[in-house]
>>> print(open('run_28.cif').read())   # mmCIF, C-alpha atoms
data_target
loop_
_atom_site.group_PDB
_atom_site.id
_atom_site.type_symbol
_atom_site.label_atom_id
_atom_site.label_comp_id
_atom_site.auth_asym_id
_atom_site.auth_seq_id
_atom_site.Cartn_x
_atom_site.Cartn_y
_atom_site.Cartn_z
ATOM 1 C CA GLY G 1 6.369 -23.727 5.939
ATOM 2 C CA ALA G 2 3.692 -21.417 4.634
ATOM 3 C CA VAL G 3 3.378 -21.380 0.854
ATOM 4 C CA VAL G 4 1.663 -18.858 -1.372
ATOM 5 C CA SER G 5 1.006 -19.644 -5.010
ATOM 6 C CA GLN G 6 0.035 -17.440 -7.933
ATOM 7 C CA HIS G 7 -1.581 -18.340 -11.190
ATOM 8 C CA PRO G 8 -0.715 -17.782 -13.918
ATOM 9 C CA SER G 9 3.025 -17.235 -13.622
ATOM 10 C CA TRP G 10 2.969 -15.206 -16.799
ATOM 11 C CA VAL G 11 0.315 -13.931 -19.159
ATOM 12 C CA ILE G 12 0.278 -12.028 -22.425
ATOM 13 C CA CYS G 13 -2.904 -10.278 -23.469
ATOM 14 C CA LYS G 14 -4.156 -7.794 -25.993
ATOM 15 C CA SER G 15 -4.835 -4.199 -25.094
ATOM 16 C CA GLY G 16 -8.388 -3.705 -23.900
ATOM 17 C CA THR G 17 -8.885 -7.177 -22.487
ATOM 18 C CA SER G 18 -9.146 -8.135 -18.828
ATOM 19 C CA VAL G 19 -6.804 -10.457 -16.996
ATOM 20 C CA LYS G 20 -7.384 -12.284 -13.716
ATOM 21 C CA ILE G 21 -4.542 -13.288 -11.429
ATOM 22 C CA GLU G 22 -5.090 -15.692 -8.547
ATOM 23 C CA CYS G 23 -3.259 -15.767 -5.243
ATOM 24 C CA ARG G 24 -3.670 -18.769 -2.963
ATOM 25 C CA SER G 25 -2.381 -19.618 0.478
ATOM 26 C CA LEU G 26 -1.797 -23.347 0.188
ATOM 27 C CA ASP G 27 -1.427 -24.551 3.750
ATOM 28 C CA PHE G 28 -2.805 -21.781 5.890
ATOM 29 C CA GLN G 29 -5.727 -19.422 6.042
ATOM 30 C CA ALA G 30 -5.144 -15.770 5.374
ATOM 31 C CA THR G 31 -7.675 -13.126 6.318
ATOM 32 C CA THR G 32 -5.363 -10.526 4.829
ATOM 33 C CA MET G 33 -3.508 -10.618 1.555
ATOM 34 C CA PHE G 34 -1.614 -7.888 -0.247
ATOM 35 C CA TRP G 35 -1.068 -7.076 -3.889
ATOM 36 C CA TYR G 36 2.162 -5.444 -5.046
ATOM 37 C CA ARG G 37 3.422 -4.249 -8.350
ATOM 38 C CA GLN G 38 7.048 -4.256 -9.390
ATOM 39 C CA PHE G 39 8.410 -2.510 -12.445
ATOM 40 C CA PRO G 40 11.761 -3.621 -13.908
ATOM 41 C CA LYS G 41 14.677 -2.804 -11.639
ATOM 42 C CA GLN G 42 12.367 -1.117 -9.152
ATOM 43 C CA SER G 43 11.056 -2.012 -5.763
ATOM 44 C CA LEU G 44 7.714 -3.467 -4.787
ATOM 45 C CA MET G 45 4.910 -0.948 -4.539
ATOM 46 C CA LEU G 46 1.856 -1.874 -2.506
ATOM 47 C CA MET G 47 -1.312 -1.601 -4.562
ATOM 48 C CA ALA G 48 -3.967 -2.769 -2.160
ATOM 49 C CA THR G 49 -4.804 -4.743 0.928
ATOM 50 C CA SER G 50 -7.233 -7.578 0.345
ATOM 51 C CA ASN G 51 -9.462 -8.466 3.273
ATOM 52 C CA GLU G 52 -11.504 -11.654 3.330
ATOM 53 C CA GLY G 53 -15.193 -10.941 3.179
ATOM 54 C CA SER G 54 -14.874 -7.191 2.785
ATOM 55 C CA LYS G 55 -13.768 -4.586 0.293
ATOM 56 C CA ALA G 56 -10.137 -4.130 -0.530
ATOM 57 C CA THR G 57 -8.265 -1.089 0.661
ATOM 58 C CA TYR G 58 -6.402 0.621 -2.140
ATOM 59 C CA GLU G 59 -3.285 2.719 -1.861
ATOM 60 C CA GLN G 60 -3.314 6.291 -3.038
ATOM 61 C CA GLY G 61 -3.095 6.550 -6.785
ATOM 62 C CA VAL G 62 -4.307 3.028 -7.502
ATOM 63 C CA GLU G 63 -7.524 2.917 -9.503
ATOM 64 C CA LYS G 64 -9.952 0.580 -7.782
ATOM 65 C CA ASP G 65 -12.100 0.258 -10.887
ATOM 66 C CA LYS G 66 -9.140 -0.824 -12.935
ATOM 67 C CA PHE G 67 -7.621 -3.244 -10.456
ATOM 68 C CA LEU G 68 -10.498 -5.261 -9.062
ATOM 69 C CA ILE G 69 -9.708 -7.335 -6.005
ATOM 70 C CA ASN G 70 -11.862 -10.101 -4.628
ATOM 71 C CA HIS G 71 -11.032 -12.069 -1.498
ATOM 72 C CA ALA G 72 -13.850 -14.562 -1.473
ATOM 73 C CA SER G 73 -12.312 -17.165 0.796
ATOM 74 C CA LEU G 74 -9.614 -17.475 3.426
ATOM 75 C CA THR G 75 -7.229 -19.004 0.907
ATOM 76 C CA LEU G 76 -7.908 -17.115 -2.301
ATOM 77 C CA SER G 77 -7.613 -13.538 -3.479
ATOM 78 C CA THR G 78 -7.915 -12.484 -7.094
ATOM 79 C CA LEU G 79 -6.697 -9.392 -8.903
ATOM 80 C CA THR G 80 -8.397 -8.523 -12.166
ATOM 81 C CA VAL G 81 -6.752 -5.964 -14.385
ATOM 82 C CA THR G 82 -9.611 -4.565 -16.420
ATOM 83 C CA SER G 83 -9.226 -3.069 -19.883
ATOM 84 C CA ALA G 84 -5.505 -3.633 -19.735
ATOM 85 C CA HIS G 85 -3.142 -1.295 -21.539
ATOM 86 C CA PRO G 86 0.581 -1.595 -22.280
ATOM 87 C CA GLU G 87 1.422 0.611 -19.303
ATOM 88 C CA ASP G 88 -0.138 -2.040 -17.047
ATOM 89 C CA SER G 89 2.594 -4.445 -18.075
ATOM 90 C CA SER G 90 4.425 -5.296 -14.895
ATOM 91 C CA PHE G 91 5.244 -7.974 -12.360
ATOM 92 C CA TYR G 92 2.386 -8.481 -9.905
ATOM 93 C CA ILE G 93 3.172 -10.110 -6.585
ATOM 94 C CA CYS G 94 0.818 -11.132 -3.836
ATOM 95 C CA SER G 95 1.499 -11.935 -0.218
ATOM 96 C CA ALA G 96 -0.503 -13.438 2.603
ATOM 97 C CA ILE G 97 -0.314 -12.979 6.331
ATOM 98 C CA GLN G 98 -0.058 -16.143 8.372
ATOM 99 C CA GLY G 99 -1.866 -15.306 11.571
ATOM 100 C CA ARG G 100 0.112 -17.571 13.836
ATOM 101 C CA THR G 101 3.418 -15.874 13.133
ATOM 102 C CA ASP G 102 2.073 -12.608 11.733
ATOM 103 C CA THR G 103 4.579 -13.097 8.934
ATOM 104 C CA GLN G 104 3.988 -12.045 5.368
ATOM 105 C CA TYR G 105 4.639 -14.814 2.823
ATOM 106 C CA PHE G 106 5.075 -13.922 -0.814
ATOM 107 C CA GLY G 107 3.923 -15.574 -3.983
ATOM 108 C CA PRO G 108 6.282 -16.111 -6.915
ATOM 109 C CA GLY G 109 4.737 -13.297 -8.924
ATOM 110 C CA THR G 110 2.888 -13.007 -12.233
ATOM 111 C CA ARG G 111 4.447 -11.342 -15.246
ATOM 112 C CA LEU G 112 1.791 -9.463 -17.224
ATOM 113 C CA THR G 113 2.563 -8.244 -20.710
ATOM 114 C CA VAL G 114 -0.060 -6.208 -22.519
ATOM 115 C CA LEU G 115 0.422 -5.883 -26.263
ATOM 116 C CA ALA E 1 5.231 9.777 5.593
ATOM 117 C CA GLN E 2 6.717 6.332 5.684
ATOM 118 C CA ARG E 3 9.852 5.879 3.655
ATOM 119 C CA VAL E 4 12.663 3.363 3.416
ATOM 120 C CA THR E 5 15.955 4.257 1.800
ATOM 121 C CA GLN E 6 18.611 1.847 0.682
ATOM 122 C CA PRO E 7 21.387 4.047 -0.663
ATOM 123 C CA GLU E 8 23.298 1.320 -2.480
ATOM 124 C CA LYS E 9 21.706 -0.269 -5.544
ATOM 125 C CA LEU E 10 24.707 -2.538 -6.019
ATOM 126 C CA LEU E 11 27.211 -3.894 -3.537
ATOM 127 C CA SER E 12 30.057 -6.214 -4.349
ATOM 128 C CA VAL E 13 32.385 -7.796 -1.814
ATOM 129 C CA PHE E 14 34.783 -10.695 -1.776
ATOM 130 C CA LYS E 15 34.028 -13.987 -0.116
ATOM 131 C CA GLY E 16 35.041 -13.932 3.517
ATOM 132 C CA ALA E 17 34.875 -10.151 3.773
ATOM 133 C CA PRO E 18 32.400 -8.376 6.026
ATOM 134 C CA VAL E 19 29.288 -7.015 4.431
ATOM 135 C CA GLU E 20 26.927 -4.252 5.470
ATOM 136 C CA LEU E 21 23.774 -3.303 3.615
ATOM 137 C CA LYS E 22 22.475 0.065 4.650
ATOM 138 C CA CYS E 23 18.876 0.931 5.381
ATOM 139 C CA ASN E 24 17.450 4.164 6.708
ATOM 140 C CA TYR E 25 13.833 4.837 7.401
ATOM 141 C CA SER E 26 11.443 7.667 8.015
ATOM 142 C CA TYR E 27 8.477 7.106 10.291
ATOM 143 C CA SER E 28 6.955 9.214 13.010
ATOM 144 C CA GLY E 29 6.010 6.414 15.401
ATOM 145 C CA SER E 30 7.519 3.067 16.357
ATOM 146 C CA PRO E 31 7.946 1.015 13.214
ATOM 147 C CA GLU E 32 8.674 -2.619 12.735
ATOM 148 C CA LEU E 33 11.638 -3.222 10.423
ATOM 149 C CA PHE E 34 12.349 -6.210 8.228
ATOM 150 C CA TRP E 35 14.922 -7.504 5.813
ATOM 151 C CA TYR E 36 13.675 -9.585 2.908
ATOM 152 C CA VAL E 37 15.892 -11.486 0.479
ATOM 153 C CA GLN E 38 15.284 -12.674 -3.047
ATOM 154 C CA TYR E 39 17.669 -15.252 -4.432
ATOM 155 C CA SER E 40 17.954 -15.732 -8.173
ATOM 156 C CA ARG E 41 14.710 -17.059 -9.662
ATOM 157 C CA GLN E 42 13.100 -17.409 -6.249
ATOM 158 C CA ARG E 43 10.369 -15.529 -4.460
ATOM 159 C CA LEU E 44 10.841 -12.893 -1.836
ATOM 160 C CA GLN E 45 11.343 -14.350 1.615
ATOM 161 C CA LEU E 46 11.747 -12.949 5.074
ATOM 162 C CA LEU E 47 15.332 -12.915 6.302
ATOM 163 C CA LEU E 48 14.838 -11.297 9.673
ATOM 164 C CA ARG E 49 12.753 -8.817 11.624
ATOM 165 C CA HIS E 50 14.011 -6.504 14.313
ATOM 166 C CA ILE E 51 11.664 -7.665 17.045
ATOM 167 C CA SER E 52 13.033 -11.189 16.783
ATOM 168 C CA ARG E 53 16.574 -10.070 17.553
ATOM 169 C CA GLU E 54 17.914 -13.205 15.952
ATOM 170 C CA SER E 55 20.680 -14.073 13.546
ATOM 171 C CA ILE E 56 19.662 -15.781 10.328
ATOM 172 C CA LYS E 57 22.280 -17.282 8.007
ATOM 173 C CA GLY E 58 24.866 -15.284 9.913
ATOM 174 C CA PHE E 59 23.098 -11.972 9.273
ATOM 175 C CA THR E 60 22.132 -9.564 12.012
ATOM 176 C CA ALA E 61 20.459 -6.176 12.012
ATOM 177 C CA ASP E 62 20.064 -3.733 14.839
ATOM 178 C CA LEU E 63 17.425 -1.065 14.952
ATOM 179 C CA ASN E 64 18.999 2.296 15.757
ATOM 180 C CA LYS E 65 16.182 4.681 16.512
ATOM 181 C CA GLY E 66 18.502 7.639 16.959
ATOM 182 C CA GLU E 67 19.913 7.244 13.479
ATOM 183 C CA THR E 68 16.676 5.739 12.103
ATOM 184 C CA SER E 69 18.688 2.926 10.608
ATOM 185 C CA PHE E 70 18.409 -0.830 10.337
ATOM 186 C CA HIS E 71 21.600 -1.914 8.627
ATOM 187 C CA LEU E 72 22.113 -5.572 7.754
ATOM 188 C CA LYS E 73 25.491 -7.058 8.610
ATOM 189 C CA LYS E 74 27.394 -10.265 8.212
ATOM 190 C CA PRO E 75 31.000 -10.680 9.352
ATOM 191 C CA PHE E 76 32.085 -13.162 6.690
ATOM 192 C CA ALA E 77 30.270 -13.145 3.363
ATOM 193 C CA GLN E 78 29.617 -16.375 1.497
ATOM 194 C CA GLU E 79 28.979 -16.855 -2.201
ATOM 195 C CA GLU E 80 25.468 -18.103 -1.529
ATOM 196 C CA ASP E 81 24.655 -14.719 0.003
ATOM 197 C CA SER E 82 24.514 -13.198 -3.479
ATOM 198 C CA ALA E 83 20.948 -11.973 -3.857
ATOM 199 C CA MET E 84 18.664 -8.958 -3.871
ATOM 200 C CA TYR E 85 18.021 -7.578 -0.404
ATOM 201 C CA TYR E 86 15.080 -5.374 0.507
ATOM 202 C CA CYS E 87 14.621 -3.443 3.698
ATOM 203 C CA ALA E 88 10.973 -2.910 4.656
ATOM 204 C CA LEU E 89 8.944 -1.134 7.278
ATOM 205 C CA SER E 90 5.486 -1.551 8.701
ATOM 206 C CA GLY E 91 3.805 1.053 10.822
ATOM 207 C CA GLN E 92 2.569 0.612 14.353
ATOM 208 C CA GLY E 93 -0.377 -1.774 14.367
ATOM 209 C CA ALA E 94 -0.314 -2.095 10.604
ATOM 210 C CA GLN E 95 0.699 -5.084 8.559
ATOM 211 C CA LYS E 96 1.329 -3.540 5.162
ATOM 212 C CA LEU E 97 4.927 -3.063 4.141
ATOM 213 C CA VAL E 98 6.819 -0.194 2.610
ATOM 214 C CA PHE E 99 9.892 -1.416 0.763
ATOM 215 C CA GLY E 100 13.196 0.195 0.017
ATOM 216 C CA GLN E 101 14.595 0.146 -3.482
ATOM 217 C CA GLY E 102 16.688 -2.912 -2.810
ATOM 218 C CA THR E 103 20.394 -3.660 -2.899
ATOM 219 C CA ARG E 104 21.858 -6.290 -5.167
ATOM 220 C CA LEU E 105 24.635 -7.998 -3.277
ATOM 221 C CA THR E 106 27.263 -9.901 -5.215
ATOM 222 C CA ILE E 107 29.842 -12.005 -3.431
ATOM 223 C CA ASN E 108 32.927 -12.559 -5.507
ATOM 224 C CA PRO E 109 34.931 -15.766 -5.099
#
>>> encode(input="run_28.cif", output="structure tokens")
Amino acid sequence: GAVVSQHPSWVICKSGTSVKIECRSLDFQATTMFWYRQFPKQSLMLMATSNEGSKATYEQGVEKDKFLINHASLTLSTLTVTSAHPEDSSFYICSAIQGRTDTQYFGPGTRLTVL
Amino acid sequence: AQRVTQPEKLLSVFKGAPVELKCNYSYSGSPELFWYVQYSRQRLQLLLRHISRESIKGFTADLNKGETSFHLKKPFAQEEDSAMYYCALSGQGAQKLVFGQGTRLTINP
């Protein structure tokens, strides 16, 4: 089956630093990937749609300059949280669309803690 | 606006009993509806989608456009069904998902 990985699985950083999270589709190519954010005991909220070779599309209220998304290849999308602050602490989950089945496959998530 | 509502945050039933997880949606066009499941310490995975009209692990869900609902049902719950269940919607021609708040289902022995 289609597998999506994320790296790192968890990260702790100091306030003001930047953190990069990688999302990879391991056995399929994905022209479209999505980034979600999940706060404790809440649902997944879509942050942005990552399109290979073009700019990401951000959801309303998501700061594009703070959450930089790069989808440089058909198997890799990265999310960089710039100048992180404690309120950015959350669980970040990516997903990738497998074209053949048009199914969205999810990564295991990355727990970000900003001190 | 697109919205998915799962009215029950927690649902607990006994093994062998029927289970129904409710999902209502708001969308002006023809949406595609999904149920995703997240077992303990595992990633989110697709359980079923309404266009497939299939039964997965004994679960079924029927899209009721009149009631704008997509309830998930299983006639006889099993302990391994304990998990977090999310109902989700995607708009016509779109791939991005809007999720409900989720329902934690616990099956008691």
>>> resolve_selection(input="run_28.cif", expression="the PyMOL selection byres ((chain E and resi 15) around 12)", output="number ranges by chain")
E: 12-14, 16-19, 74-82, 105-109
>>> interface_residues(input="run_28.cif", of="chain G", to="chain E", cutoff="9 Å", atoms="all atoms listed in the file", output="MDAnalysis selection string")
chainID G and resid 32 34 41:46 49 97 102:109
>>> write_last_selection(input="run_28.cif", atoms="C-alpha atoms", output="short mmCIF file (atom, residue, chain, number, x, y, z; two decimals), in the coordinates of the input")
data_model
loop_
_atom_site.label_atom_id
_atom_site.label_comp_id
_atom_site.auth_asym_id
_atom_site.auth_seq_id
_atom_site.Cartn_x
_atom_site.Cartn_y
_atom_site.Cartn_z
CA THR G 32 -5.36 -10.53 4.83
CA PHE G 34 -1.61 -7.89 -0.25
CA LYS G 41 14.68 -2.80 -11.64
CA GLN G 42 12.37 -1.12 -9.15
CA SER G 43 11.06 -2.01 -5.76
CA LEU G 44 7.71 -3.47 -4.79
CA MET G 45 4.91 -0.95 -4.54
CA LEU G 46 1.86 -1.87 -2.51
CA THR G 49 -4.80 -4.74 0.93
CA ILE G 97 -0.31 -12.98 6.33
CA ASP G 102 2.07 -12.61 11.73
CA THR G 103 4.58 -13.10 8.93
CA GLN G 104 3.99 -12.04 5.37
CA TYR G 105 4.64 -14.81 2.82
CA PHE G 106 5.08 -13.92 -0.81
CA GLY G 107 3.92 -15.57 -3.98
CA PRO G 108 6.28 -16.11 -6.92
CA GLY G 109 4.74 -13.30 -8.92
#
>>> resolve_selection(input="run_28.cif", expression="the PyMOL selection byres ((chain G and resi 6) around 7)", output="VMD selection string")
chain G and resid 4 to 5 7 to 9 22 to 24 107 to 110
>>> resolve_selection(input="run_28.cif", expression="the PyMOL selection byres ((chain G and resi 66-68) around 6)", output="list in words")
Glu63, Lys64, Asp65, Ile69, Leu79, Thr80, Val81 and Thr82 of chain G
>>> atom_distance(input="run_28.cif", atom1="atom CA of Ser73 of chain G", atom2="atom CA of Val3 of chain G")
16.2 Å
>>> build_atoms(input="run_28.cif", residues="segment 28-43 of chain E", atoms="N, CA and C atoms", output="JSON list (two decimals), in the coordinates of the input")
[["chain", "number", "residue", "atom", "x", "y", "z"],
["E", 28, "SER", "N", 7.15, 8.36, 11.84],
["E", 28, "SER", "CA", 6.96, 9.21, 13.01],
["E", 28, "SER", "C", 6.73, 8.44, 14.30],
["E", 29, "GLY", "N", 6.30, 7.20, 14.20],
["E", 29, "GLY", "CA", 6.01, 6.41, 15.40],
["E", 29, "GLY", "C", 7.05, 5.35, 15.64],
["E", 30, "SER", "N", 6.61, 4.19, 16.11],
["E", 30, "SER", "CA", 7.52, 3.07, 16.36],
["E", 30, "SER", "C", 7.29, 2.01, 15.28],
["E", 31, "PRO", "N", 8.17, 1.95, 14.32],
["E", 31, "PRO", "CA", 7.95, 1.01, 13.21],
["E", 31, "PRO", "C", 8.46, -0.38, 13.54],
["E", 32, "GLU", "N", 8.05, -1.30, 12.71],
["E", 32, "GLU", "CA", 8.67, -2.62, 12.74],
["E", 32, "GLU", "C", 9.49, -2.72, 11.45],
["E", 33, "LEU", "N", 10.74, -3.15, 11.57],
["E", 33, "LEU", "CA", 11.64, -3.22, 10.42],
["E", 33, "LEU", "C", 11.95, -4.66, 10.06],
["E", 34, "PHE", "N", 12.10, -4.88, 8.76],
["E", 34, "PHE", "CA", 12.35, -6.21, 8.23],
["E", 34, "PHE", "C", 13.46, -6.15, 7.18],
["E", 35, "TRP", "N", 14.08, -7.29, 6.98],
["E", 35, "TRP", "CA", 14.92, -7.50, 5.81],
["E", 35, "TRP", "C", 14.37, -8.71, 5.07],
["E", 36, "TYR", "N", 14.11, -8.51, 3.78],
["E", 36, "TYR", "CA", 13.68, -9.59, 2.91],
["E", 36, "TYR", "C", 14.78, -9.86, 1.90],
["E", 37, "VAL", "N", 14.87, -11.11, 1.45],
["E", 37, "VAL", "CA", 15.89, -11.49, 0.48],
["E", 37, "VAL", "C", 15.23, -12.21, -0.68],
["E", 38, "GLN", "N", 15.78, -11.99, -1.85],
["E", 38, "GLN", "CA", 15.28, -12.67, -3.05],
["E", 38, "GLN", "C", 16.47, -13.25, -3.78],
["E", 39, "TYR", "N", 16.62, -14.57, -3.70],
["E", 39, "TYR", "CA", 17.67, -15.25, -4.43],
["E", 39, "TYR", "C", 17.24, -15.39, -5.89],
["E", 40, "SER", "N", 18.22, -15.65, -6.74],
["E", 40, "SER", "CA", 17.95, -15.73, -8.17],
["E", 40, "SER", "C", 16.83, -16.72, -8.47],
["E", 41, "ARG", "N", 15.84, -16.24, -9.22],
["E", 41, "ARG", "CA", 14.71, -17.06, -9.66],
["E", 41, "ARG", "C", 13.87, -17.61, -8.51],
["E", 42, "GLN", "N", 13.94, -16.97, -7.36],
["E", 42, "GLN", "CA", 13.10, -17.41, -6.25],
["E", 42, "GLN", "C", 12.22, -16.25, -5.79],
["E", 43, "ARG", "N", 11.26, -16.56, -4.97],
["E", 43, "ARG", "CA", 10.37, -15.53, -4.46],
["E", 43, "ARG", "C", 11.00, -14.80, -3.29]]
